[in-house]
>>> print(open('target30.pdb').read())   # PDB, C-alpha atoms, pLDDT in the B column
ATOM      1  CA  MET A1456       0.000   0.000   0.000  1.00 61.00           C
ATOM      2  CA  ARG A1457       1.249   3.462  -0.896  1.00 73.00           C
ATOM      3  CA  THR A1458       0.780   5.679   2.154  1.00 82.00           C
ATOM      4  CA  PRO A1459       0.554   9.444   1.551  1.00 87.00           C
ATOM      5  CA  GLU A1460       2.424  11.792   3.855  1.00 92.00           C
ATOM      6  CA  LEU A1461       3.457  15.422   3.994  1.00 92.00           C
ATOM      7  CA  ILE A1462       6.370  15.895   1.607  1.00 95.00           C
ATOM      8  CA  ALA A1463       6.839  19.670   1.768  1.00 95.00           C
ATOM      9  CA  GLU A1464       5.281  23.045   2.478  1.00 96.00           C
ATOM     10  CA  ILE A1465       6.394  25.899   0.245  1.00 95.00           C
ATOM     11  CA  THR A1466       5.507  29.578   0.264  1.00 95.00           C
ATOM     12  CA  LEU A1467       4.864  30.960  -3.215  1.00 94.00           C
ATOM     13  CA  ALA A1468       5.093  34.747  -3.332  1.00 93.00           C
ATOM     14  CA  ASP A1469       2.485  35.275  -6.054  1.00 90.00           C
ATOM     15  CA  VAL A1470       0.872  33.803  -9.166  1.00 88.00           C
ATOM     16  CA  SER A1471       4.159  34.084 -11.082  1.00 92.00           C
ATOM     17  CA  ALA A1472       5.907  31.964  -8.455  1.00 94.00           C
ATOM     18  CA  THR A1473       3.101  29.407  -8.702  1.00 94.00           C
ATOM     19  CA  ARG A1474       3.529  29.256 -12.488  1.00 94.00           C
ATOM     20  CA  GLU A1475       7.302  28.946 -12.139  1.00 96.00           C
ATOM     21  CA  PHE A1476       6.976  26.022  -9.717  1.00 97.00           C
ATOM     22  CA  ALA A1477       4.433  24.328 -12.012  1.00 96.00           C
ATOM     23  CA  THR A1478       6.781  24.791 -14.979  1.00 96.00           C
ATOM     24  CA  ARG A1479       9.603  23.056 -13.098  1.00 96.00           C
ATOM     25  CA  PHE A1480       7.254  20.239 -12.022  1.00 97.00           C
ATOM     26  CA  ALA A1481       5.820  19.567 -15.504  1.00 97.00           C
ATOM     27  CA  PRO A1482       8.736  17.515 -16.923  1.00 95.00           C
ATOM     28  CA  LEU A1483       8.325  15.009 -14.096  1.00 96.00           C
ATOM     29  CA  LEU A1484       4.882  13.929 -15.318  1.00 96.00           C
ATOM     30  CA  GLN A1485       4.536  10.452 -16.794  1.00 94.00           C
ATOM     31  CA  ARG A1486       1.730   8.330 -18.177  1.00 94.00           C
ATOM     32  CA  GLY A1487      -0.374   6.983 -15.319  1.00 94.00           C
ATOM     33  CA  ASP A1488       0.388   9.872 -12.954  1.00 95.00           C
ATOM     34  CA  MET A1489      -2.499  11.372 -11.045  1.00 95.00           C
ATOM     35  CA  VAL A1490      -2.030  14.817  -9.536  1.00 97.00           C
ATOM     36  CA  ALA A1491      -4.804  16.155  -7.314  1.00 96.00           C
ATOM     37  CA  PHE A1492      -5.216  19.909  -6.861  1.00 96.00           C
ATOM     38  CA  ASP A1493      -6.967  20.887  -3.671  1.00 95.00           C
ATOM     39  CA  GLY A1494      -7.747  24.271  -2.149  1.00 93.00           C
ATOM     40  CA  SER A1495     -10.462  26.872  -1.962  1.00 87.00           C
ATOM     41  CA  LEU A1496     -12.035  28.696  -4.900  1.00 87.00           C
ATOM     42  CA  GLY A1497      -9.581  31.193  -6.337  1.00 86.00           C
ATOM     43  CA  ALA A1498      -6.507  29.616  -4.742  1.00 89.00           C
ATOM     44  CA  GLY A1499      -4.854  29.045  -8.131  1.00 90.00           C
ATOM     45  CA  LYS A1500      -5.553  25.397  -8.967  1.00 92.00           C
ATOM     46  CA  THR A1501      -6.498  26.074 -12.584  1.00 93.00           C
ATOM     47  CA  GLU A1502      -3.592  28.469 -13.073  1.00 93.00           C
ATOM     48  CA  PHE A1503      -1.218  25.803 -11.706  1.00 95.00           C
ATOM     49  CA  CYS A1504      -2.628  23.231 -14.154  1.00 95.00           C
ATOM     50  CA  ARG A1505      -2.508  25.714 -17.041  1.00 95.00           C
ATOM     51  CA  ALA A1506       1.185  26.385 -16.352  1.00 96.00           C
ATOM     52  CA  ILE A1507       1.948  22.640 -16.348  1.00 96.00           C
ATOM     53  CA  ILE A1508       0.129  22.156 -19.647  1.00 95.00           C
ATOM     54  CA  HIS A1509       1.906  25.100 -21.282  1.00 94.00           C
ATOM     55  CA  ALA A1510       5.286  23.934 -19.939  1.00 95.00           C
ATOM     56  CA  LEU A1511       4.721  20.591 -21.670  1.00 94.00           C
ATOM     57  CA  GLY A1512       4.514  22.392 -24.996  1.00 91.00           C
ATOM     58  CA  PHE A1513       0.781  22.757 -25.486  1.00 88.00           C
ATOM     59  CA  GLU A1514       0.618  26.285 -26.870  1.00 82.00           C
ATOM     60  CA  ASP A1515      -3.122  26.657 -27.447  1.00 79.00           C
ATOM     61  CA  ASP A1516      -5.501  28.276 -25.012  1.00 79.00           C
ATOM     62  CA  VAL A1517      -5.997  26.205 -21.851  1.00 81.00           C
ATOM     63  CA  PRO A1518      -9.518  26.928 -20.655  1.00 74.00           C
ATOM     64  CA  SER A1519     -10.780  25.936 -17.255  1.00 78.00           C
ATOM     65  CA  PRO A1520     -12.701  22.658 -17.491  1.00 76.00           C
ATOM     66  CA  THR A1521     -15.278  23.919 -14.972  1.00 73.00           C
ATOM     67  CA  PHE A1522     -18.180  23.400 -17.386  1.00 72.00           C
ATOM     68  CA  THR A1523     -16.787  20.750 -19.730  1.00 80.00           C
ATOM     69  CA  LEU A1524     -15.413  18.805 -16.717  1.00 85.00           C
ATOM     70  CA  VAL A1525     -12.554  17.399 -18.821  1.00 88.00           C
ATOM     71  CA  GLN A1526     -10.114  18.885 -21.333  1.00 90.00           C
ATOM     72  CA  THR A1527      -7.549  16.641 -23.031  1.00 90.00           C
ATOM     73  CA  TYR A1528      -4.226  17.645 -24.545  1.00 91.00           C
ATOM     74  CA  GLU A1529      -2.544  15.249 -26.983  1.00 90.00           C
ATOM     75  CA  PRO A1530       1.157  15.604 -27.789  1.00 90.00           C
ATOM     76  CA  PRO A1531       2.226  15.439 -31.447  1.00 86.00           C
ATOM     77  CA  PRO A1532       2.361  11.867 -32.822  1.00 87.00           C
ATOM     78  CA  ASP A1533       6.166  11.965 -33.029  1.00 88.00           C
ATOM     79  CA  ASP A1534       6.471  12.896 -29.315  1.00 87.00           C
ATOM     80  CA  GLN A1535       6.958   9.631 -27.438  1.00 84.00           C
ATOM     81  CA  ILE A1536       7.862  11.291 -24.123  1.00 89.00           C
ATOM     82  CA  THR A1537       5.170  13.841 -23.292  1.00 91.00           C
ATOM     83  CA  PRO A1538       2.068  12.135 -21.930  1.00 93.00           C
ATOM     84  CA  THR A1539      -1.457  12.960 -22.986  1.00 93.00           C
ATOM     85  CA  ILE A1540      -2.868  15.281 -20.320  1.00 95.00           C
ATOM     86  CA  TRP A1541      -6.390  15.023 -18.948  1.00 92.00           C
ATOM     87  CA  HIS A1542      -7.249  18.212 -17.062  1.00 93.00           C
ATOM     88  CA  MET A1543     -10.343  17.559 -14.953  1.00 91.00           C
ATOM     89  CA  ASP A1544     -12.457  19.814 -12.771  1.00 90.00           C
ATOM     90  CA  MET A1545     -14.783  17.741 -10.596  1.00 89.00           C
ATOM     91  CA  TYR A1546     -16.365  20.698  -8.767  1.00 86.00           C
ATOM     92  CA  ARG A1547     -19.762  20.324 -10.458  1.00 85.00           C
ATOM     93  CA  LEU A1548     -20.103  16.556  -9.958  1.00 82.00           C
ATOM     94  CA  GLU A1549     -23.165  15.493  -8.024  1.00 85.00           C
ATOM     95  CA  SER A1550     -21.784  12.012  -7.325  1.00 85.00           C
ATOM     96  CA  PRO A1551     -18.497  10.161  -7.869  1.00 82.00           C
ATOM     97  CA  GLU A1552     -20.209   7.826 -10.354  1.00 85.00           C
ATOM     98  CA  GLU A1553     -20.608  10.725 -12.786  1.00 85.00           C
ATOM     99  CA  ALA A1554     -16.807  10.820 -13.127  1.00 80.00           C
ATOM    100  CA  ILE A1555     -16.715   7.230 -14.326  1.00 80.00           C
ATOM    101  CA  GLU A1556     -19.150   8.173 -17.105  1.00 82.00           C
ATOM    102  CA  LEU A1557     -16.523  10.683 -18.293  1.00 80.00           C
ATOM    103  CA  GLY A1558     -14.043   7.857 -18.951  1.00 80.00           C
ATOM    104  CA  ILE A1559     -11.526   8.898 -16.316  1.00 81.00           C
ATOM    105  CA  GLU A1560     -10.363   5.307 -15.846  1.00 84.00           C
ATOM    106  CA  GLU A1561      -8.814   5.539 -19.322  1.00 82.00           C
ATOM    107  CA  ALA A1562      -6.902   8.629 -18.217  1.00 84.00           C
ATOM    108  CA  PHE A1563      -5.666   6.890 -15.088  1.00 88.00           C
ATOM    109  CA  ASP A1564      -4.209   4.113 -17.258  1.00 87.00           C
ATOM    110  CA  THR A1565      -2.918   5.964 -20.327  1.00 89.00           C
ATOM    111  CA  ALA A1566      -2.419   9.658 -19.544  1.00 93.00           C
ATOM    112  CA  ALA A1567      -1.283  12.053 -16.852  1.00 95.00           C
ATOM    113  CA  SER A1568      -4.301  13.319 -14.920  1.00 94.00           C
ATOM    114  CA  LEU A1569      -4.536  16.792 -13.396  1.00 96.00           C
ATOM    115  CA  ILE A1570      -7.588  16.688 -11.128  1.00 95.00           C
ATOM    116  CA  GLU A1571      -9.149  19.747  -9.513  1.00 94.00           C
ATOM    117  CA  TRP A1572     -11.561  19.052  -6.613  1.00 93.00           C
ATOM    118  CA  PRO A1573     -10.363  15.422  -6.226  1.00 92.00           C
ATOM    119  CA  ALA A1574     -12.527  14.708  -3.166  1.00 92.00           C
ATOM    120  CA  LYS A1575     -15.539  14.656  -5.508  1.00 90.00           C
ATOM    121  CA  LEU A1576     -14.183  11.374  -6.953  1.00 89.00           C
ATOM    122  CA  GLY A1577     -14.552   9.607  -3.617  1.00 87.00           C
ATOM    123  CA  HIS A1578     -13.274   6.042  -3.699  1.00 86.00           C
ATOM    124  CA  TYR A1579     -12.731   6.230  -7.481  1.00 85.00           C
ATOM    125  CA  LEU A1580      -9.487   8.139  -6.979  1.00 87.00           C
ATOM    126  CA  PRO A1581      -6.835   5.398  -7.097  1.00 86.00           C
ATOM    127  CA  GLU A1582      -4.003   5.230  -4.595  1.00 88.00           C
ATOM    128  CA  GLY A1583      -0.633   6.663  -5.483  1.00 91.00           C
ATOM    129  CA  PHE A1584      -1.766  10.155  -6.425  1.00 94.00           C
ATOM    130  CA  LEU A1585       0.149  13.321  -5.565  1.00 96.00           C
ATOM    131  CA  THR A1586      -1.688  16.210  -3.918  1.00 97.00           C
ATOM    132  CA  PHE A1587      -0.864  19.871  -4.351  1.00 97.00           C
ATOM    133  CA  ARG A1588      -2.928  21.907  -1.896  1.00 97.00           C
ATOM    134  CA  LEU A1589      -2.971  25.659  -2.423  1.00 96.00           C
ATOM    135  CA  ASP A1590      -4.060  27.979   0.365  1.00 94.00           C
ATOM    136  CA  ILE A1591      -4.341  31.751   0.083  1.00 92.00           C
ATOM    137  CA  ALA A1592      -2.456  33.701   2.743  1.00 89.00           C
ATOM    138  CA  ALA A1593      -4.022  36.589   4.622  1.00 87.00           C
ATOM    139  CA  ASP A1594      -2.383  39.086   2.246  1.00 89.00           C
ATOM    140  CA  GLY A1595      -4.456  37.639  -0.637  1.00 84.00           C
ATOM    141  CA  LYS A1596      -1.352  37.274  -2.796  1.00 87.00           C
ATOM    142  CA  THR A1597       0.940  34.694  -1.202  1.00 92.00           C
ATOM    143  CA  ARG A1598       0.097  31.009  -1.563  1.00 93.00           C
ATOM    144  CA  LYS A1599       1.066  28.168   0.719  1.00 95.00           C
ATOM    145  CA  LEU A1600       1.689  25.032  -1.331  1.00 96.00           C
ATOM    146  CA  THR A1601       1.374  21.812   0.652  1.00 97.00           C
ATOM    147  CA  ILE A1602       2.638  18.712  -1.143  1.00 97.00           C
ATOM    148  CA  ILE A1603       1.356  15.312  -0.045  1.00 96.00           C
ATOM    149  CA  GLY A1604       2.363  12.016  -1.590  1.00 96.00           C
ATOM    150  CA  ASP A1605       3.906   8.639  -1.001  1.00 94.00           C
ATOM    151  CA  ASP A1606       7.560   7.557  -1.013  1.00 93.00           C
ATOM    152  CA  VAL A1607       7.542   7.163  -4.803  1.00 94.00           C
ATOM    153  CA  TRP A1608       6.508  10.800  -5.265  1.00 95.00           C
ATOM    154  CA  LYS A1609       8.900  11.960  -2.549  1.00 95.00           C
ATOM    155  CA  SER A1610      11.764  10.388  -4.462  1.00 94.00           C
ATOM    156  CA  ARG A1611      10.625  11.774  -7.833  1.00 94.00           C
ATOM    157  CA  LEU A1612      10.257  15.288  -6.401  1.00 95.00           C
ATOM    158  CA  GLY A1613      13.646  15.285  -4.680  1.00 91.00           C
ATOM    159  CA  LYS A1614      15.606  17.528  -7.067  1.00 87.00           C
ATOM    160  CA  LEU A1615      12.650  19.861  -7.627  1.00 89.00           C
ATOM    161  CA  LEU A1616      12.229  20.433  -3.903  1.00 90.00           C
ATOM    162  CA  SER A1617      15.935  20.839  -3.211  1.00 83.00           C
ATOM    163  CA  HIS A1618      15.780  23.836  -5.574  1.00 67.00           C
ATOM    164  CA  ASP A1619      13.252  25.633  -3.297  1.00 57.00           C
TER
END
>>> encode(input="target30.pdb", output="structure tokens")
Amino acid sequence: MRTPELIAEITLADVSATREFATRFAPLLQRGDMVAFDGSLGAGKTEFCRAIIHALGFEDDVPSPTFTLVQTYEPPPDDQITPTIWHMDMYRLESPEEAIELGIEEAFDTAASLIEWPAKLGHYLPEGFLTFRLDIAADGKTRKLTIIGDDVWKSRLGKLLSHD
């Protein structure tokens, strides 16, 4: 069993710092990765995901999937390294079963999943996911990034976190 634990807590000065961290994280993503984004409305979850997607070379507009629930980003056919990205926003789900109807199990097996509002998936969220929790500081600008994951993620994030 992969037991999640606190990996790190980082203070991000502003939205630019959040984007910069996301850009450095992006190359670590692999097929089958599940990254959960937790935090209150307006904390920067979508902006974090958008920065990851752009850092992976997807140049088009990256809209919030609030209403579509899922946006997918396919790398060019000749790119064997960059995973397909499924950006999901589960905020509007009434029940976890609705997520299964979206085909998320395919994403869990074949793509890298960026999941906003992961608690809405309930028991359908497989073990081994990484959580980025963003909290807004009292100044309204600074973000506290809490990173929670298992030993596998802790090892993978080692160099990224030693930079901060």
>>> residues_around(input="target30.pdb", residues="A:Ala1510", least_positions_apart="5", cutoff="9 Å", atoms="all atoms listed in the file", output="PyMOL selection string")
chain A and resi 1477-1482+1505
>>> residues_around(input="target30.pdb", residues="A:Phe1587", least_positions_apart="2", cutoff="9 Å", atoms="all atoms listed in the file", output="VMD selection string")
chain A and resid 1490 to 1494 1500 1585 1589 1600 to 1604
>>> write_last_selection(input="target30.pdb", atoms="C-alpha atoms", output="PDB file, in the frame of the given file")
ATOM      1  CA  VAL A1490      -2.030  14.817  -9.536  1.00 97.00           C
ATOM      2  CA  ALA A1491      -4.804  16.155  -7.314  1.00 96.00           C
ATOM      3  CA  PHE A1492      -5.216  19.909  -6.861  1.00 96.00           C
ATOM      4  CA  ASP A1493      -6.967  20.887  -3.671  1.00 95.00           C
ATOM      5  CA  GLY A1494      -7.747  24.271  -2.149  1.00 93.00           C
ATOM      6  CA  LYS A1500      -5.553  25.397  -8.967  1.00 92.00           C
ATOM      7  CA  LEU A1585       0.149  13.321  -5.565  1.00 96.00           C
ATOM      8  CA  LEU A1589      -2.971  25.659  -2.423  1.00 96.00           C
ATOM      9  CA  LEU A1600       1.689  25.032  -1.331  1.00 96.00           C
ATOM     10  CA  THR A1601       1.374  21.812   0.652  1.00 97.00           C
ATOM     11  CA  ILE A1602       2.638  18.712  -1.143  1.00 97.00           C
ATOM     12  CA  ILE A1603       1.356  15.312  -0.045  1.00 96.00           C
ATOM     13  CA  GLY A1604       2.363  12.016  -1.590  1.00 96.00           C
TER      14      GLY A1604
END
>>> closest_residue(input="target30.pdb", among="A:Gly1577, A:Leu1615, A:Asp1516, A:Pro1532", to="A:Glu1549", atoms="only C-alpha atoms")
A:Gly1577
>>> residues_around(input="target30.pdb", residues="A:Arg1598", least_positions_apart="2", cutoff="12 Å", atoms="all atoms listed in the file", output="short mmCIF file (atom, residue, chain, number, x, y, z; two decimals) with C-alpha atoms, in the frame of the given file")
data_model
loop_
_atom_site.label_atom_id
_atom_site.label_comp_id
_atom_site.auth_asym_id
_atom_site.auth_seq_id
_atom_site.Cartn_x
_atom_site.Cartn_y
_atom_site.Cartn_z
CA GLU A 1464 5.28 23.04 2.48
CA ILE A 1465 6.39 25.90 0.24
CA THR A 1466 5.51 29.58 0.26
CA LEU A 1467 4.86 30.96 -3.22
CA ALA A 1468 5.09 34.75 -3.33
CA ASP A 1469 2.48 35.28 -6.05
CA VAL A 1470 0.87 33.80 -9.17
CA SER A 1471 4.16 34.08 -11.08
CA ALA A 1472 5.91 31.96 -8.46
CA THR A 1473 3.10 29.41 -8.70
CA ARG A 1474 3.53 29.26 -12.49
CA PHE A 1476 6.98 26.02 -9.72
CA GLY A 1494 -7.75 24.27 -2.15
CA SER A 1495 -10.46 26.87 -1.96
CA GLY A 1497 -9.58 31.19 -6.34
CA ALA A 1498 -6.51 29.62 -4.74
CA GLY A 1499 -4.85 29.04 -8.13
CA LYS A 1500 -5.55 25.40 -8.97
CA PHE A 1503 -1.22 25.80 -11.71
CA PHE A 1587 -0.86 19.87 -4.35
CA ARG A 1588 -2.93 21.91 -1.90
CA LEU A 1589 -2.97 25.66 -2.42
CA ASP A 1590 -4.06 27.98 0.36
CA ILE A 1591 -4.34 31.75 0.08
CA ALA A 1592 -2.46 33.70 2.74
CA ALA A 1593 -4.02 36.59 4.62
CA ASP A 1594 -2.38 39.09 2.25
CA GLY A 1595 -4.46 37.64 -0.64
CA LYS A 1596 -1.35 37.27 -2.80
CA LEU A 1600 1.69 25.03 -1.33
CA THR A 1601 1.37 21.81 0.65
#
>>> residues_around(input="target30.pdb", residues="A:Val1517", least_positions_apart="2", cutoff="9 Å", atoms="all atoms listed in the file", output="PyMOL selection string")
chain A and resi 1504-1505+1508-1509+1513-1515+1519-1520+1526
>>> resolve_selection(input="target30.pdb", expression="the PyMOL selection byres ((chain A and resi 1555) around 12)", output="VMD selection string")
chain A and resid 1524 to 1525 1545 1548 1550 to 1554 1556 to 1563 1575 to 1580
>>> axis_aligned_box(input="target30.pdb", around="stretch 1602-1609 of chain A", padding_each_side="5 Å", output="JSON")
{"center_x": 5.1, "center_y": 12.9, "center_z": -2.7, "size_x": 17.5, "size_y": 21.5, "size_z": 15.2}
>>> atom_distance(input="target30.pdb", atom1="atom CA of A:Glu1571", atom2="atom CA of A:Gly1613")
23.7 Å
>>> closest_residue(input="target30.pdb", among="A:Asp1488, A:Asp1534, A:Glu1502, A:Glu1460", to="A:Leu1569", atoms="all atoms listed in the file")
A:Asp1488
>>> atom_distance(input="target30.pdb", atom1="atom CA of A:Ala1566", atom2="atom CA of A:Pro1538")
5.7 Å
>>> atom_distance(input="target30.pdb", atom1="atom CA of A:Ser1617", atom2="atom CA of A:Leu1484")
17.8 Å
>>> closest_residue(input="target30.pdb", among="A:Thr1521, A:Ser1568, A:Gln1485, A:Thr1458", to="A:Gly1583", atoms="only C-alpha atoms")
A:Thr1458
>>> residues_around(input="target30.pdb", residues="A:Val1607", least_positions_apart="4", cutoff="9 Å", atoms="all atoms listed in the file", output="list in words")
Arg1457, Gly1583, Arg1611 and Leu1612 of chain A
>>> closest_residue(input="target30.pdb", among="A:Ala1506, A:Leu1496, A:Leu1511, A:Met1489", to="A:Thr1586", atoms="all atoms listed in the file")
A:Met1489
